[in-house]
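Enquirer: One structure follows; several queries about it will come next.
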2 protein chains.
Amino acid sequence: MRNDRFLRACRREPVDRVPVWLMRQAGRYMREYREIRHNIPFMELVKDVDLATRISLQPYRRFHMDAVILFSDILVPVQAMGMDVSIPEGGPKIKHPVRTLQDVNELKVPDPTGSTKFVLEILERLRMELRDEAPLIGFAGAPFTLASYMIEGGGSRNFAVIKAMLYSQPATLHALLDKITTTVSLYVRAQINAGAQAIQLFDTWAGELSAAQYREFALPYTQRIFESIGNLGVPRLLFVNGCGTLLEAMAESGADVLSVDWRVDLGEVRARLDSTIALQGNVDPCVLLSTPEAVEHEASQAIFKGGGRGHILNLGHGILPTTPEENVATFVETAKKIFMVQTGQGVKQG
Amino acid sequence: MRNDRFLRACRREPVDRVPVWLMRQAGRYMREYREIRHNIPFMELVKDVDLATRISLQPYRRFHMDAVILFSDILVPVQAMGMDVSIPEGGPKIKHPVRTLQDVNELKVPDPTGSTKFVLEILERLRMELRDEAPLIGFAGAPFTLASYMIEGGGSRNFAVIKAMLYSQPATLHALLDKITTTVSLYVRAQINAGAQAIQLFDTWAGELSAAQYREFALPYTQRIFESIGNLGVPRLLFVNGCGTLLEAMAESGADVLSVDWRVDLGEVRARLDSTIALQGNVDPCVLLSTPEAVEHEASQAIFKGGGRGHILNLGHGILPTTPEENVATFVETAKKIFMVQTGQGVKQG
């Protein structure tokens, strides 16, 4: 691997500088993406092995991040479970949402080498194209977050339906989470077999839960997935938006890296957690809507607060579609300008 | 005052039982409200002194909460500042949002006895109707939250526009926050003069900020407003949704009571804060979409964790419009069933 900074940082090994990538780095903010995408429905785009491979590589070829992430969507395995998923401009829509135990029972646990084979093919193609230049990240949605889409029928403001189920039919919710967990465990294992060199689980909406609820309805399922790939030796990353009250619980998930949002201070997160865990984040994606000066300032702050070792510079949530490309360039360049001092104990401006 | 439990709890004085009310307790979940409302545009409804008085009293007459809150909207003073505000079903819309210093300069600081006189009249009417049966709460939006509506032009998912301003034109944002602060200070002072016996500031969206940003763009303004009414002797309450990483800063606001969302544990909040501050909350509004059994369980848990003294039972965010009235009754009744032990140091099932 010619550039293994990302993998080394995941393992808290010394690096010459903090590695950098951006959640949703392949996507709508890039002109080249919009040109490829045209009017292709999103769920068709992610299934087109040629196009998805090209799109995954676009940000890497242009901005030279330290990792490439598969271009896909967390709802791909949800569709494979038998649900009717579409992703129009306004956000995901799922017909016939899950509301009863009967609905749960009707869902399949898909063989990932069957209906989601295209994901594995994209990963294989990416590894071939990358020729070990940079590491390849696979990903999946974590069970609570996938369940929220499957129950709400799409995105949600209040998560009222899944919460009502959580309070009044917890056994139904657990049955669904269990089935998703098996699905995702097989799915990420297949991704690793197809070439993924790290796995990030997105539990984007788990920040809607109290810590006690997180420990009941999210953590055990995330643990099972991470456990199921524990013997494969790839770093496991966990993202939760609004993680401030959940960090200690998230640290018990088996994750090697916690990917944290901008509401928490990286220095304080370090102090709260065991030193064996690496951190990823946590620049507010809205910073990239402002000026290059602000981007450089905030990215530098994140690097200094992250302490240099066991830190991957990233955003605190996915990049926004209206982000100017210039600001992405500045974000990546900022990481490249700040080098570690030789002791590996701190960072200095290079 | 025949029922002063709410005011006593705000001051951390002993009470026979924990007082209870619900954020947005007057509103769409009540059949009687929907009957009055009909097709009256929302911003006209809040200006109709007769109707707004009746609506404010509806939940109290029906469920006998321990406090009555003015039926109004946080955008009332924003309209008085000169902005074009409407509140259709889909949420607030503000035409010509604030984007430049020039826009800020064109806003008025309204005399609350002028264009928002109706609010004061509603408060006066409510005090007359209540005849000191129960305390009357006035309220306003806190500056950061009002600024978010004024800049975004309505509700927001990512708060991308206000955040871009925060990062690239902080002086413009501060100028706006300053003008809102003066407006709200005058507005809540007038509410107290008109009969409000407590003031709650809603900084609903401040949970989008990091603690450092909260200390720069929210806390000083909230402090100024609370300071401006400090000599009037009414309890000051502060609500932030997603307050988990902000509690210590919020406690410096001058608030007598922090109203906290469901993501935090009341027992842990107690441990983190100075014992001179009272707490309000923090049942997940989604609990009230489930069963009476779940409502009773969660409300009881909140009461026990709140520790009995200096706690007001409430939701962690506003009640949802789809809430069954039966569950509101159960929520209120749960508070009424649990009495303090005589030492005032704990709670027991009555």
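Note on naming: chains are A, B, ... as they come in the structure tokens, residues start from 1 per chain, ligands start from 1 in the order shown.
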Considering only strand (DSSP E) as DSSP defines it on the backbone, what residues of segment 76-312 of chain A qualify? List them as a PyMOL selection string.

Expert: chain A and resi 84-86+93-95+136-141+198-202+236-239+257-259+278-283+311-312

Enquirer: Would you list which chain B residues are within 7 Å of chain A using only C-alpha atoms, as a list of chain:residue names?

Expert: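 Listing them in order of chain and number gives B:Ala160, B:Lys163, B:Ala164, B:Tyr167, B:Ser168, B:Glu208, B:Leu209, B:Ser210, B:Ala211, B:Gly244, B:Thr245, B:Trp262, B:Arg263, B:Val264, B:Cys286, B:Val287, B:Leu289, B:Ser290, B:Thr291, B:Ala294.
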
Enquirer: Skip Leu258 of chain B itself and residues of its chain fewer than 4 positions away, then list as an MDAnalysis selection string all residues within 7 Å of it, counting only C-alpha atoms.

Expert: chainID B and resid 237:239 278:280

Enquirer: May I ask for the distance between atom CA of Ala198 of chain A and atom CA of Ile151 of chain A, given in Å to one decimal place?

Expert: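 Interatomic distance here is 28.7 Å.
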
Enquirer: For Glu13 of chain B, which residue among B:Thr323, B:Thr276, B:Thr330, B:Gln301 is the nearest when counting only C-alpha atoms?

Expert: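 Among the listed residues, the smallest separation from Glu13 of chain B belongs to B:Thr276.
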
Enquirer: Residues of segment 102-221 of chain A classed as alpha helix (DSSP H) by DSSP on the backbone are to be reported as a ChimeraX atom specification.

Expert: /A:102-106,117-130,143-152,160-168,170-193,211-217,219-221

Enquirer: If we count only C-alpha atoms, what is near Leu136 of chain A at a cut-off of 8 Å, once residues fewer than 4 positions away on the same chain are taken out, given as a PyMOL selection string?

Expert: chain A and resi 67-70+123+126-127+195-198

Enquirer: Restricting it to all heavy atoms, dump the selection as a compact mmCIF listing (two decimals), in the first residue's frame.

Expert:
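The resulting file, part_31.txt, is reproduced below:
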# COMPACT_ATOMS: atom_id res chain seq x y z
N ALA A 67 -8.14 8.11 1.33
CA ALA A 67 -8.92 6.87 1.22
C ALA A 67 -10.02 7.06 0.20
O ALA A 67 -10.47 8.19 -0.06
CB ALA A 67 -9.52 6.49 2.57
N VAL A 68 -10.43 5.95 -0.37
CA VAL A 68 -11.54 5.93 -1.33
C VAL A 68 -12.68 5.16 -0.66
O VAL A 68 -12.44 4.13 -0.03
CB VAL A 68 -11.12 5.23 -2.63
CG1 VAL A 68 -12.31 4.99 -3.55
CG2 VAL A 68 -10.04 6.04 -3.34
N ILE A 69 -13.90 5.69 -0.76
CA ILE A 69 -15.05 4.95 -0.23
C ILE A 69 -15.95 4.58 -1.39
O ILE A 69 -16.15 5.36 -2.33
CB ILE A 69 -15.79 5.75 0.87
CG1 ILE A 69 -16.91 4.89 1.49
CG2 ILE A 69 -16.33 7.07 0.36
CD1 ILE A 69 -17.44 5.41 2.82
N LEU A 70 -16.42 3.36 -1.33
CA LEU A 70 -17.42 2.84 -2.27
C LEU A 70 -18.56 3.84 -2.45
O LEU A 70 -19.13 4.33 -1.47
CB LEU A 70 -17.97 1.56 -1.62
CG LEU A 70 -19.26 0.95 -2.15
CD1 LEU A 70 -19.01 0.29 -3.49
CD2 LEU A 70 -19.80 -0.06 -1.14
N LEU A 123 -16.47 -3.03 -5.66
CA LEU A 123 -15.29 -3.07 -4.77
C LEU A 123 -14.11 -3.75 -5.46
O LEU A 123 -12.98 -3.28 -5.38
CB LEU A 123 -15.65 -3.79 -3.47
CG LEU A 123 -16.57 -3.01 -2.52
CD1 LEU A 123 -17.17 -3.94 -1.46
CD2 LEU A 123 -15.83 -1.86 -1.84
N LEU A 126 -12.71 -1.42 -7.98
CA LEU A 126 -11.99 -0.32 -7.34
C LEU A 126 -10.60 -0.76 -6.88
O LEU A 126 -9.62 -0.04 -7.06
CB LEU A 126 -12.80 0.24 -6.15
CG LEU A 126 -14.00 1.12 -6.54
CD1 LEU A 126 -14.91 1.38 -5.34
CD2 LEU A 126 -13.51 2.46 -7.13
N ARG A 127 -10.53 -1.96 -6.31
CA ARG A 127 -9.21 -2.45 -5.88
C ARG A 127 -8.26 -2.60 -7.08
O ARG A 127 -7.09 -2.26 -7.01
CB ARG A 127 -9.35 -3.79 -5.14
CG ARG A 127 -9.81 -3.67 -3.70
CD ARG A 127 -8.83 -2.88 -2.82
NE ARG A 127 -7.52 -3.47 -2.74
CZ ARG A 127 -7.16 -4.40 -1.87
NH1 ARG A 127 -8.04 -4.85 -0.98
NH2 ARG A 127 -5.94 -4.87 -1.86
N GLY A 195 -12.72 -6.99 -1.17
CA GLY A 195 -11.60 -6.04 -1.25
C GLY A 195 -11.65 -4.84 -0.32
O GLY A 195 -10.69 -4.07 -0.26
N ALA A 196 -12.76 -4.64 0.38
CA ALA A 196 -12.83 -3.49 1.30
C ALA A 196 -11.78 -3.64 2.39
O ALA A 196 -11.65 -4.71 2.98
CB ALA A 196 -14.23 -3.37 1.90
N GLN A 197 -11.04 -2.58 2.65
CA GLN A 197 -9.92 -2.65 3.61
C GLN A 197 -10.25 -1.99 4.95
O GLN A 197 -9.42 -1.92 5.85
CB GLN A 197 -8.67 -2.02 2.98
CG GLN A 197 -8.15 -2.88 1.84
CD GLN A 197 -7.33 -2.10 0.86
OE1 GLN A 197 -7.82 -1.17 0.22
NE2 GLN A 197 -6.06 -2.47 0.72
N ALA A 198 -11.46 -1.49 5.06
CA ALA A 198 -11.98 -0.95 6.31
C ALA A 198 -13.50 -0.92 6.14
O ALA A 198 -14.00 -0.91 5.01
CB ALA A 198 -11.46 0.46 6.56

Enquirer: What gap, in Å, lies between atom CA of Leu232 of chain A and atom CA of Arg8 of chain A?

Expert: 16.2 Å

Enquirer: Set the distance at 9 Å and use only C-alpha atoms: which residues neighbour Asp274 of chain B once local chain neighbours fewer than 3 positions away are removed? I'd like the list as a PyMOL selection string.

Expert: chain B and resi 248+251+270-271+277

Enquirer: Take the residues from that selection and put them in a file with N, CA, C and O atoms, as a compact mmCIF listing (two decimals), in the first residue's frame.

Expert:
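Output file part_26.txt follows:
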# COMPACT_ATOMS: atom_id res chain seq x y z
N GLU B 248 -23.42 22.75 30.84
CA GLU B 248 -22.61 23.58 31.72
C GLU B 248 -22.66 25.04 31.27
O GLU B 248 -22.72 25.96 32.10
N ALA B 251 -26.04 26.59 32.05
CA ALA B 251 -26.18 26.88 33.48
C ALA B 251 -25.61 28.25 33.83
O ALA B 251 -25.93 28.81 34.88
N ARG B 270 -28.29 16.30 36.89
CA ARG B 270 -28.16 16.74 38.28
C ARG B 270 -26.71 16.69 38.75
O ARG B 270 -26.21 17.60 39.39
N ALA B 271 -26.04 15.58 38.42
CA ALA B 271 -24.67 15.40 38.89
C ALA B 271 -23.71 16.39 38.22
O ALA B 271 -22.73 16.82 38.81
N ILE B 277 -29.65 24.96 40.51
CA ILE B 277 -30.45 25.10 39.30
C ILE B 277 -31.54 24.02 39.29
O ILE B 277 -31.30 22.88 39.68

Enquirer: Near segment 303-310 of chain B, counting only C-alpha atoms, which residues have an atom at most 10 Å away, once you skip same-chain residues fewer than 5 positions from it, shown as a CSV table (one decimal) with N, CA and C atoms, in the first residue's frame?

Expert:
chain,number,residue,atom,x,y,z
B,6,PHE,N,-45.6,24.9,40.6
B,6,PHE,CA,-44.6,25.2,39.6
B,6,PHE,C,-43.6,26.3,40.0
B,7,LEU,N,-44.1,27.4,40.5
B,7,LEU,CA,-43.2,28.4,40.9
B,7,LEU,C,-42.3,28.0,42.0
B,8,ARG,N,-42.8,27.2,43.0
B,8,ARG,CA,-41.9,26.7,44.0
B,8,ARG,C,-40.8,25.8,43.5
B,9,ALA,N,-41.2,24.9,42.6
B,9,ALA,CA,-40.2,24.0,42.0
B,9,ALA,C,-39.1,24.8,41.2
B,10,CYS,N,-39.5,25.9,40.5
B,10,CYS,CA,-38.6,26.7,39.8
B,10,CYS,C,-37.5,27.3,40.8
B,11,ARG,N,-38.0,27.6,42.0
B,11,ARG,CA,-37.1,28.1,43.0
B,11,ARG,C,-36.4,27.1,43.9
B,12,ARG,N,-36.7,25.8,43.5
B,12,ARG,CA,-36.1,24.7,44.3
B,12,ARG,C,-36.7,24.7,45.8
B,13,GLU,N,-37.8,25.2,46.0
B,13,GLU,CA,-38.5,25.1,47.3
B,13,GLU,C,-39.2,23.7,47.4
B,14,PRO,N,-39.4,23.2,48.6
B,14,PRO,CA,-40.1,21.9,48.7
B,14,PRO,C,-41.6,22.0,48.1
B,15,VAL,N,-42.0,20.9,47.6
B,15,VAL,CA,-43.4,20.8,47.0
B,15,VAL,C,-44.0,19.5,47.5
B,16,ASP,N,-45.3,19.4,47.5
B,16,ASP,CA,-45.9,18.1,47.9
B,16,ASP,C,-45.8,17.0,46.8
B,17,ARG,N,-45.7,17.5,45.5
B,17,ARG,CA,-45.4,16.6,44.4
B,17,ARG,C,-44.8,17.4,43.3
B,18,VAL,N,-44.3,16.7,42.3
B,18,VAL,CA,-43.6,17.4,41.2
B,18,VAL,C,-44.7,18.0,40.3
B,19,PRO,N,-44.6,19.3,40.0
B,19,PRO,CA,-45.5,20.0,39.1
B,19,PRO,C,-45.3,19.5,37.7
B,256,ASP,N,-33.0,30.0,36.0
B,256,ASP,CA,-33.3,29.3,37.2
B,256,ASP,C,-33.6,27.9,37.0
B,257,VAL,N,-34.1,27.6,35.8
B,257,VAL,CA,-34.5,26.2,35.4
B,257,VAL,C,-34.0,25.9,34.0
B,265,ASP,N,-29.9,12.0,30.7
B,265,ASP,CA,-30.5,11.4,31.8
B,265,ASP,C,-30.6,12.4,33.0
B,266,LEU,N,-31.8,12.6,33.5
B,266,LEU,CA,-32.0,13.6,34.5
B,266,LEU,C,-31.0,13.5,35.7
B,267,GLY,N,-30.8,12.2,36.1
B,267,GLY,CA,-29.9,12.0,37.2
B,267,GLY,C,-28.4,12.4,36.9
B,268,GLU,N,-28.0,12.2,35.7
B,268,GLU,CA,-26.7,12.6,35.3
B,268,GLU,C,-26.6,14.1,35.1
B,269,VAL,N,-27.7,14.7,34.6
B,269,VAL,CA,-27.7,16.2,34.5
B,269,VAL,C,-27.5,16.8,35.9
B,270,ARG,N,-28.3,16.3,36.9
B,270,ARG,CA,-28.2,16.7,38.3
B,270,ARG,C,-26.7,16.7,38.7
B,275,SER,N,-26.1,22.6,42.3
B,275,SER,CA,-27.4,22.2,42.8
B,275,SER,C,-28.4,23.3,43.0
B,276,THR,N,-28.0,24.5,42.6
B,276,THR,CA,-28.9,25.7,42.7
B,276,THR,C,-29.9,25.8,41.5
B,277,ILE,N,-29.6,25.0,40.5
B,277,ILE,CA,-30.5,25.1,39.3
B,277,ILE,C,-31.5,24.0,39.3
B,278,ALA,N,-32.7,24.4,38.9
B,278,ALA,CA,-33.8,23.5,38.8
B,278,ALA,C,-33.9,22.9,37.4
B,279,LEU,N,-34.5,21.7,37.2
B,279,LEU,CA,-34.6,21.1,35.9
B,279,LEU,C,-36.1,20.9,35.5
B,280,GLN,N,-36.3,20.9,34.2
B,280,GLN,CA,-37.6,20.6,33.7
B,280,GLN,C,-37.5,19.6,32.5
B,281,GLY,N,-38.4,18.7,32.5
B,281,GLY,CA,-38.3,17.7,31.4
B,281,GLY,C,-38.6,16.3,31.9
B,282,ASN,N,-38.1,15.3,31.3
B,282,ASN,CA,-37.5,15.3,29.9
B,282,ASN,C,-38.0,14.1,29.1
B,283,VAL,N,-39.3,13.9,29.3
B,283,VAL,CA,-39.9,12.7,28.6
B,283,VAL,C,-40.0,12.9,27.1
B,298,GLU,N,-42.6,6.0,31.7
B,298,GLU,CA,-41.5,7.0,31.4
B,298,GLU,C,-41.7,8.3,32.3
B,334,THR,N,-49.9,11.0,36.2
B,334,THR,CA,-48.8,10.3,36.8
B,334,THR,C,-48.1,11.2,37.8
B,335,ALA,N,-47.9,12.5,37.4
B,335,ALA,CA,-47.3,13.4,38.3
B,335,ALA,C,-48.2,13.6,39.6
B,338,ILE,N,-47.7,10.7,42.4
B,338,ILE,CA,-46.4,10.4,43.1
B,338,ILE,C,-46.1,11.6,44.1
B,339,PHE,N,-46.2,11.3,45.4
B,339,PHE,CA,-46.0,12.3,46.4
B,339,PHE,C,-44.6,12.3,47.0
B,340,MET,N,-44.2,13.4,47.4
B,340,MET,CA,-42.9,13.5,48.1
B,340,MET,C,-42.9,12.9,49.5
B,341,VAL,N,-41.8,12.3,49.9
B,341,VAL,CA,-41.8,11.9,51.3
B,341,VAL,C,-41.5,13.2,52.1
B,344,GLY,N,-38.7,15.8,52.0
B,344,GLY,CA,-38.4,16.5,50.8
B,344,GLY,C,-37.2,16.1,50.0
B,345,GLN,N,-36.6,15.0,50.5
B,345,GLN,CA,-35.3,14.6,49.9
B,345,GLN,C,-35.5,13.5,48.8
B,346,GLY,N,-36.7,13.0,48.8
B,346,GLY,CA,-36.9,11.9,47.8
B,346,GLY,C,-38.4,11.8,47.4
B,347,VAL,N,-38.7,10.8,46.6
B,347,VAL,CA,-40.1,10.7,46.1
B,347,VAL,C,-40.5,9.3,46.4
B,348,LYS,N,-41.8,9.1,46.6
B,348,LYS,CA,-42.3,7.8,46.7
B,348,LYS,C,-43.7,7.7,46.0
B,349,GLN,N,-44.0,6.5,45.7
B,349,GLN,CA,-45.3,6.3,45.0
B,349,GLN,C,-46.4,6.6,46.0

Enquirer: Determine, counting only C-alpha atoms, which protein, DNA and RNA residues have an atom within 10 Å of an atom of Arg125 of chain B; residues of the same chain fewer than 4 positions away are not included. Present the result as a list in words.

Expert: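 My reading of the contact set: Val49, Asp50, Ala52, Thr53, Arg54, Val119, Leu120, Glu121, Glu129, Leu130, Ala194 and Gly195 of chain B.
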
Enquirer: Using only C-alpha atoms for the distances, tell me which of A:Arg131, A:Arg224, A:Arg28, A:Arg61 is nearest to Arg2 of chain A.

Expert: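 For Arg2 of chain A, the nearest of the candidates is A:Arg131.
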
Enquirer: In Å, rounded to a single decimal, give me how far atom CA of Val109 of chain A is from atom CA of Met81 of chain A.

Expert: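 Separation of atom CA of Met81 of chain A and atom CA of Val109 of chain A: 5.8 Å.
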